[in-house]
$ cat coords_18.cif   # mmCIF, C-alpha atoms
data_target
#
loop_
_atom_site.label_atom_id
_atom_site.label_comp_id
_atom_site.auth_asym_id
_atom_site.auth_seq_id
_atom_site.Cartn_x
_atom_site.Cartn_y
_atom_site.Cartn_z
CA MET A 390 -0.96 -12.90 12.38
CA THR A 391 0.49 -13.67 8.96
CA THR A 392 3.37 -11.39 7.92
CA PHE A 393 3.77 -10.13 4.38
CA ASN A 394 6.89 -8.93 2.63
CA PRO A 395 6.42 -5.39 1.22
CA THR A 396 8.88 -6.07 -1.63
CA ASP A 397 6.97 -9.19 -2.59
CA LEU A 398 3.70 -7.26 -2.55
CA ARG A 399 5.19 -4.50 -4.71
CA ASN A 400 6.42 -7.13 -7.17
CA ARG A 401 2.94 -8.62 -7.24
CA ILE A 402 1.46 -5.19 -7.99
CA GLU A 403 3.95 -4.60 -10.81
CA LYS A 404 3.26 -8.01 -12.31
CA LEU A 405 -0.45 -7.36 -11.93
CA GLY A 406 -0.10 -4.32 -14.20
CA ASP A 407 -3.83 -4.25 -14.76
CA LEU A 408 -6.42 -6.05 -12.69
CA PRO A 409 -7.10 -9.31 -14.57
CA THR A 410 -10.71 -9.07 -13.44
CA LEU A 411 -11.13 -5.78 -15.33
CA PRO A 412 -12.53 -6.04 -18.84
CA HIS A 413 -10.09 -6.37 -21.73
CA VAL A 414 -11.20 -2.92 -22.89
CA VAL A 415 -9.38 -1.29 -19.95
CA GLN A 416 -6.12 -3.00 -20.87
CA ARG A 417 -6.58 -1.82 -24.46
CA LEU A 418 -7.15 1.75 -23.28
CA ALA A 419 -4.04 1.66 -21.08
CA ALA A 420 -1.98 0.56 -24.09
CA MET A 421 -3.42 3.35 -26.29
CA ILE A 422 -2.53 6.27 -24.03
CA GLY A 423 0.90 6.75 -25.59
CA ARG A 424 -0.36 6.91 -29.16
CA PRO A 425 -0.50 10.57 -30.25
CA THR A 426 -2.67 9.74 -33.27
CA VAL A 427 -5.47 7.95 -31.38
CA SER A 428 -8.90 9.42 -32.13
CA THR A 429 -11.99 9.88 -29.98
CA GLU A 430 -13.85 7.57 -32.36
CA GLU A 431 -11.31 4.79 -31.81
CA ILE A 432 -11.55 5.17 -28.04
CA GLY A 433 -15.35 5.22 -28.15
CA ALA A 434 -15.47 2.17 -30.38
CA ILE A 435 -13.29 0.17 -27.98
CA ILE A 436 -15.36 1.02 -24.91
CA GLU A 437 -18.67 0.48 -26.72
CA LYS A 438 -17.70 -3.11 -27.57
CA ASP A 439 -18.49 -3.82 -23.92
CA GLN A 440 -22.11 -2.71 -23.86
CA VAL A 441 -22.52 -2.99 -20.09
CA LEU A 442 -19.36 -0.99 -19.47
CA ALA A 443 -20.29 1.63 -22.07
CA ALA A 444 -23.71 2.05 -20.45
CA LYS A 445 -22.10 2.63 -17.05
CA VAL A 446 -19.65 5.18 -18.45
CA LEU A 447 -22.48 7.09 -20.15
CA ARG A 448 -24.59 6.94 -16.99
CA LEU A 449 -21.77 8.56 -15.03
CA ALA A 450 -21.05 11.10 -17.78
CA ASN A 451 -24.74 12.08 -17.83
CA SER A 452 -25.04 12.20 -14.06
CA PRO A 453 -26.28 15.43 -12.45
CA PHE A 454 -22.86 15.76 -10.83
CA TYR A 455 -21.48 17.06 -14.14
CA GLY A 456 -24.56 19.05 -15.08
CA PHE A 457 -24.09 19.21 -18.85
CA PRO A 458 -27.11 20.91 -20.48
CA SER A 459 -27.46 18.34 -23.29
CA ARG A 460 -27.34 14.58 -23.06
CA ILE A 461 -24.09 12.79 -23.97
CA GLY A 462 -25.24 10.06 -26.33
CA SER A 463 -22.04 8.20 -27.19
CA VAL A 464 -18.72 7.37 -25.60
CA ALA A 465 -16.94 9.26 -28.41
CA HIS A 466 -19.00 12.35 -27.51
CA ALA A 467 -18.09 11.83 -23.85
CA VAL A 468 -14.39 11.80 -24.80
CA ILE A 469 -14.80 15.12 -26.66
CA VAL A 470 -16.71 16.78 -23.81
CA LEU A 471 -14.89 15.30 -20.81
CA GLY A 472 -11.48 14.47 -22.22
CA PHE A 473 -9.69 11.18 -22.69
CA ASN A 474 -8.26 10.94 -19.16
CA VAL A 475 -11.67 11.48 -17.56
CA VAL A 476 -13.39 8.90 -19.77
CA LYS A 477 -10.58 6.45 -19.17
CA GLY A 478 -10.97 7.07 -15.45
CA LEU A 479 -14.73 6.57 -15.66
CA THR A 480 -14.10 3.29 -17.48
CA LEU A 481 -11.84 2.16 -14.65
CA CYS A 482 -14.43 3.30 -12.11
CA ALA A 483 -17.26 1.47 -13.83
CA SER A 484 -15.13 -1.65 -13.99
CA ALA A 485 -14.13 -1.33 -10.33
CA LEU A 486 -17.81 -0.93 -9.40
CA SER A 487 -18.56 -4.32 -10.90
CA ILE A 488 -15.76 -5.89 -8.86
CA MET A 489 -16.90 -4.14 -5.66
CA LYS A 490 -20.51 -5.21 -6.15
CA ASP A 491 -19.51 -8.82 -6.84
CA ALA A 492 -17.47 -8.74 -3.63
CA GLY A 493 -20.28 -7.14 -1.60
CA MET A 494 -18.43 -3.80 -1.32
CA ASP A 495 -21.32 -1.50 -2.24
CA GLN A 496 -20.52 0.71 0.75
CA LEU A 497 -16.99 1.36 -0.58
CA TRP A 498 -18.48 2.46 -3.91
CA ARG A 499 -20.97 4.67 -2.08
CA HIS A 500 -18.10 6.29 -0.14
CA SER A 501 -16.02 6.70 -3.32
CA LEU A 502 -18.90 8.33 -5.18
CA GLY A 503 -19.53 10.61 -2.21
CA VAL A 504 -15.89 11.72 -2.30
CA ALA A 505 -16.16 12.25 -6.08
CA ILE A 506 -19.22 14.46 -5.69
CA THR A 507 -17.66 16.51 -2.89
CA ALA A 508 -14.29 16.86 -4.67
CA ASN A 509 -16.06 18.04 -7.81
CA LEU A 510 -18.01 20.66 -5.82
CA LEU A 511 -14.84 21.93 -4.16
CA ALA A 512 -12.94 21.98 -7.48
CA ALA A 513 -15.69 24.05 -9.10
CA ARG A 514 -15.57 26.49 -6.17
CA LEU A 515 -11.81 26.88 -6.56
CA GLU A 516 -12.16 27.19 -10.35
CA ILE A 517 -9.82 24.26 -11.05
CA LYS A 518 -9.14 24.00 -14.78
CA ASN A 519 -10.57 20.48 -15.17
CA PRO A 520 -12.98 19.86 -12.26
CA GLU A 521 -14.15 16.65 -13.98
CA GLU A 522 -10.78 15.11 -13.18
CA LEU A 523 -11.45 15.71 -9.47
CA PHE A 524 -14.66 13.70 -9.80
CA VAL A 525 -12.65 10.81 -11.25
CA ALA A 526 -9.87 11.23 -8.65
CA GLY A 527 -12.50 10.93 -5.93
CA LEU A 528 -13.97 7.82 -7.52
CA LEU A 529 -10.55 6.18 -7.81
CA HIS A 530 -8.92 7.32 -4.56
CA ASP A 531 -9.52 3.97 -2.82
CA ILE A 532 -8.94 1.76 -5.89
CA GLY A 533 -6.05 0.13 -4.01
CA LYS A 534 -8.61 -1.42 -1.66
CA VAL A 535 -10.09 -3.36 -4.57
CA VAL A 536 -6.74 -5.09 -4.98
CA LEU A 537 -5.94 -5.43 -1.30
CA TYR A 538 -9.31 -6.66 -0.07
CA VAL A 539 -10.69 -8.40 -3.17
CA LYS A 540 -7.77 -9.58 -5.29
CA TRP A 541 -5.66 -10.56 -2.26
CA PRO A 542 -8.30 -11.57 0.30
CA GLU A 543 -5.81 -13.42 2.51
CA VAL A 544 -3.90 -10.16 3.00
CA GLY A 545 -7.02 -8.05 3.50
CA SER A 546 -8.58 -10.53 5.93
CA SER A 547 -5.47 -10.49 8.12
CA ILE A 548 -5.58 -6.68 8.34
CA LYS A 549 -9.30 -6.64 9.09
CA ASP A 550 -8.86 -9.25 11.83
CA VAL A 551 -6.32 -7.04 13.62
CA ALA A 552 -8.48 -3.94 13.11
CA LYS A 553 -11.47 -5.74 14.63
CA ALA A 554 -9.41 -7.00 17.58
CA GLU A 555 -7.89 -3.59 18.36
CA GLY A 556 -10.89 -1.45 17.47
CA ASP A 557 -9.19 1.95 17.64
CA ARG A 558 -6.82 1.91 14.67
CA SER A 559 -7.57 2.67 11.03
CA LEU A 560 -7.08 0.22 8.19
CA PHE A 561 -4.60 2.66 6.64
CA GLU A 562 -2.43 2.67 9.76
CA LEU A 563 -2.53 -1.11 10.08
CA GLU A 564 -1.77 -1.62 6.39
CA GLN A 565 1.40 0.43 6.77
CA GLU A 566 2.44 -1.36 9.96
CA LEU A 567 1.68 -4.92 8.86
CA LEU A 568 2.50 -4.73 5.15
CA GLY A 569 4.90 -1.84 4.83
CA LEU A 570 2.60 -0.27 2.23
CA SER A 571 -1.00 0.92 2.16
CA HIS A 572 -3.99 0.81 -0.15
CA ALA A 573 -2.91 4.31 -1.24
CA ASP A 574 0.53 2.96 -2.26
CA ILE A 575 -1.15 0.15 -4.18
CA GLY A 576 -3.47 2.64 -5.85
CA GLY A 577 -0.45 4.73 -6.84
CA CYS A 578 1.20 1.67 -8.41
CA LEU A 579 -1.96 0.96 -10.37
CA ALA A 580 -2.19 4.60 -11.49
CA ASN A 581 1.36 4.29 -12.84
CA ALA A 582 0.53 1.02 -14.58
CA TRP A 583 -2.54 2.61 -16.14
CA ASN A 584 -0.55 5.69 -17.28
CA LEU A 585 -2.93 8.03 -15.48
CA PRO A 586 -1.93 11.71 -15.38
CA VAL A 587 -0.32 13.18 -12.28
CA THR A 588 -3.56 15.04 -11.51
CA LEU A 589 -5.16 11.65 -10.86
CA ARG A 590 -2.11 9.74 -9.69
CA GLU A 591 -1.06 12.02 -6.81
CA PRO A 592 -4.56 12.34 -5.26
CA ILE A 593 -4.79 8.52 -5.28
CA LEU A 594 -1.30 8.01 -3.86
CA TYR A 595 -1.32 10.83 -1.29
CA HIS A 596 -4.96 11.20 -0.22
CA HIS A 597 -3.90 10.32 3.35
CA ALA A 598 -0.70 12.42 3.17
CA PRO A 599 -1.50 15.41 0.93
CA THR A 600 1.61 17.41 1.89
CA LEU A 601 3.72 14.86 -0.05
CA ALA A 602 2.10 15.81 -3.38
CA LYS A 603 4.51 17.74 -5.60
CA GLU A 604 2.78 18.44 -8.93
CA ALA A 605 -0.91 18.18 -8.05
CA ALA A 606 -0.89 19.61 -4.53
CA LEU A 607 -4.25 21.38 -4.77
CA GLN A 608 -6.03 18.42 -6.38
CA THR A 609 -4.61 16.13 -3.70
CA ALA A 610 -5.68 18.54 -0.94
CA ILE A 611 -9.22 18.60 -2.37
CA VAL A 612 -9.52 14.80 -2.43
CA HIS A 613 -8.05 14.58 1.10
CA VAL A 614 -10.55 17.09 2.49
CA ALA A 615 -13.45 15.53 0.54
CA ASP A 616 -12.52 12.06 1.85
CA ILE A 617 -12.64 13.24 5.47
CA LEU A 618 -15.85 15.25 5.02
CA VAL A 619 -17.61 12.27 3.43
CA LYS A 620 -16.35 9.98 6.20
CA GLY A 621 -17.73 12.43 8.76
CA LEU A 622 -21.08 12.57 6.95
CA ALA A 623 -21.25 8.75 6.99
CA CYS A 624 -21.90 8.43 3.26
CA GLY A 625 -20.96 4.82 2.62
CA ASN A 626 -18.18 3.07 4.48
CA PRO A 627 -14.62 2.59 3.15
CA GLY A 628 -13.92 -0.24 5.59
CA ASP A 629 -13.68 1.30 9.06
CA ASP A 630 -15.55 3.92 11.07
CA LEU A 631 -12.56 6.00 12.14
CA ILE A 632 -12.19 9.51 10.68
CA PRO A 633 -8.61 10.10 9.48
CA PRO A 634 -6.61 13.10 10.74
CA LEU A 635 -7.15 16.27 8.72
CA SER A 636 -4.10 17.99 7.23
CA LYS A 637 -4.20 21.66 8.22
CA GLN A 638 -2.14 22.57 5.17
CA ALA A 639 -4.63 20.84 2.87
CA TRP A 640 -7.55 22.46 4.70
CA ASP A 641 -5.96 25.89 4.28
CA MET A 642 -5.36 25.25 0.57
CA VAL A 643 -9.02 24.36 0.03
CA GLY A 644 -9.95 27.49 1.99
CA LEU A 645 -13.22 26.50 3.65
CA ASP A 646 -14.46 28.61 6.53
CA GLU A 647 -17.34 27.73 8.84
CA HIS A 648 -19.98 29.35 6.60
CA THR A 649 -18.80 27.89 3.29
CA LEU A 650 -18.24 24.50 4.92
CA ALA A 651 -21.88 24.41 6.03
CA ASN A 652 -23.01 25.32 2.51
CA TYR A 653 -20.91 22.61 0.89
CA ILE A 654 -22.00 19.99 3.40
CA ALA A 655 -25.61 20.86 2.52
CA LYS A 656 -24.87 20.67 -1.23
CA ALA A 657 -22.99 17.40 -0.93
CA SER A 658 -25.67 15.85 1.28
CA SER A 659 -28.31 16.77 -1.29
CA GLU A 660 -26.26 15.13 -4.06
CA PHE A 661 -25.69 12.02 -1.93
CA ALA A 662 -29.43 11.33 -2.16
CA THR A 663 -28.96 10.40 -5.83
CA ILE A 664 -26.06 7.98 -5.27
CA ASP A 665 -28.26 4.88 -5.37
CA ASP A 666 -29.08 5.71 -8.99
CA TYR A 667 -25.47 4.90 -9.87
CA LEU A 668 -25.02 1.70 -7.87
#
$ encode --input "coords_18.cif" --output "structure tokens"
Amino acid sequence: MTTFNPTDLRNRIEKLGDLPTLPHVVQRLAAMIGRPTVSTEEIGAIIEKDQVLAAKVLRLANSPFYGFPSRIGSVAHAVIVLGFNVVKGLTLCASALSIMKDAGMDQLWRHSLGVAITANLLAARLEIKNPEELFVAGLLHDIGKVVLYVKWPEVGSSIKDVAKAEGDRSLFELEQELLGLSHADIGGCLANAWNLPVTLREPILYHHAPTLAKEAALQTAIVHVADILVKGLACGNPGDDLIPPLSKQAWDMVGLDEHTLANYIAKASSEFATIDDYL
């Protein structure tokens, strides 16, 4: 088994900054976040220069998961309706989808979209201020896997080899043991590099350890619970078949009882039937 130095991997993440395989538009967006004078038209114009990417963003924005009564016809309109952080997140998601598909990781996208749908349903139930952000947080929660298993295949292959040999341990557990950091840590580094808000950053970083979240505890709890529910419902496959342990504190924060859980499983399962439309 090859050993990897956690400090070296962290340095590689920091130097990575933005995935080189992501379109230039994403790097431009990351650079624009700090400009207080940036307009929705400017943002829309940048995304729309990549017609394929713009089409994917609009497809997600117009998905039944959001349920807007009128069609969103432009990226600038999407920014107005959804907010800059959500559209930026959708841009990252659409870009990550292309990478996943090229790498044969359709099942990871299916799982991520399932978590997004479920998180959005739970956020609406709890009357979270911006439930759209929970959709994006669900889509991006495993973004670290795109780096770990696509960008650094030699690292990912080593972890998968051990997981296959042992059979009863999750990728997350083995990542921590063999690398000293997990796909969640890598996702958190990327979220920092992309200047994502804490309401997206903490659910990505702590979706396996929601009690560590400080500023977005409820959002992180929602993504954690959604991740486990979707794993249990076998919507997609994030890389292994093991269901992670459920945080009781997160479960209590989300506040599902047996009756409401059954209702939300039924709602989520119904929405999962449309996932192929977004692959």
$ closest_residue --input "coords_18.cif" --among "A:Gly628, A:Val612, A:Lys637, A:Ala623" --to "Ile548 of chain A" --atoms "all atoms listed in the file"
A:Gly628
$ resolve_selection --input "coords_18.cif" --expression "the PyMOL selection byres ((chain A and resi 643-660) around 9)" --output "list in words"
Pro453, Phe454, Gly503, Ile506, Thr507, Leu510, Leu511, Ala512, Leu515, Leu607, Ala610, Ile611, Val614, Leu618, Val619, Leu622, Cys624, Gln638, Ala639, Trp640, Asp641, Met642, Phe661, Ala662, Thr663 and Ile664 of chain A
$ atom_distance --input "coords_18.cif" --atom1 "atom CA of Val536 of chain A" --atom2 "atom CA of Gly576 of chain A"
8.4 Å
$ closest_atom_pairs --input "coords_18.cif" --of "segment 504-589 of chain A" --to "segment 459-474 of chain A" --cutoff "12 Å" --atoms "only C-alpha atoms" --output "CSV"
residue,atom,partner,partner_atom,distance
A:Asn519,CA,A:Leu471,CA,8.8
A:Pro520,CA,A:Leu471,CA,9.9
A:Glu521,CA,A:Leu471,CA,7.0
A:Glu522,CA,A:Asn474,CA,7.7
A:Leu523,CA,A:Asn474,CA,11.3
A:Phe524,CA,A:Leu471,CA,11.1
A:Val525,CA,A:Asn474,CA,9.0
A:Ala526,CA,A:Asn474,CA,10.6
A:Ala580,CA,A:Asn474,CA,11.7
A:Trp583,CA,A:Asn474,CA,10.5
A:Asn584,CA,A:Asn474,CA,9.5
A:Leu585,CA,A:Asn474,CA,7.1
A:Pro586,CA,A:Asn474,CA,7.4
A:Val587,CA,A:Asn474,CA,10.7
A:Thr588,CA,A:Asn474,CA,9.9
A:Leu589,CA,A:Asn474,CA,8.9
$ closest_residue --input "coords_18.cif" --among "A:His500, A:Arg558, A:Asp665, A:Glu591" --to "Pro633 of chain A" --atoms "all atoms listed in the file"
A:Arg558
$ closest_residue --input "coords_18.cif" --among "A:Glu566, A:Asp629, A:Asp531, A:Glu543" --to "His597 of chain A" --atoms "all atoms listed in the file"
A:Asp531
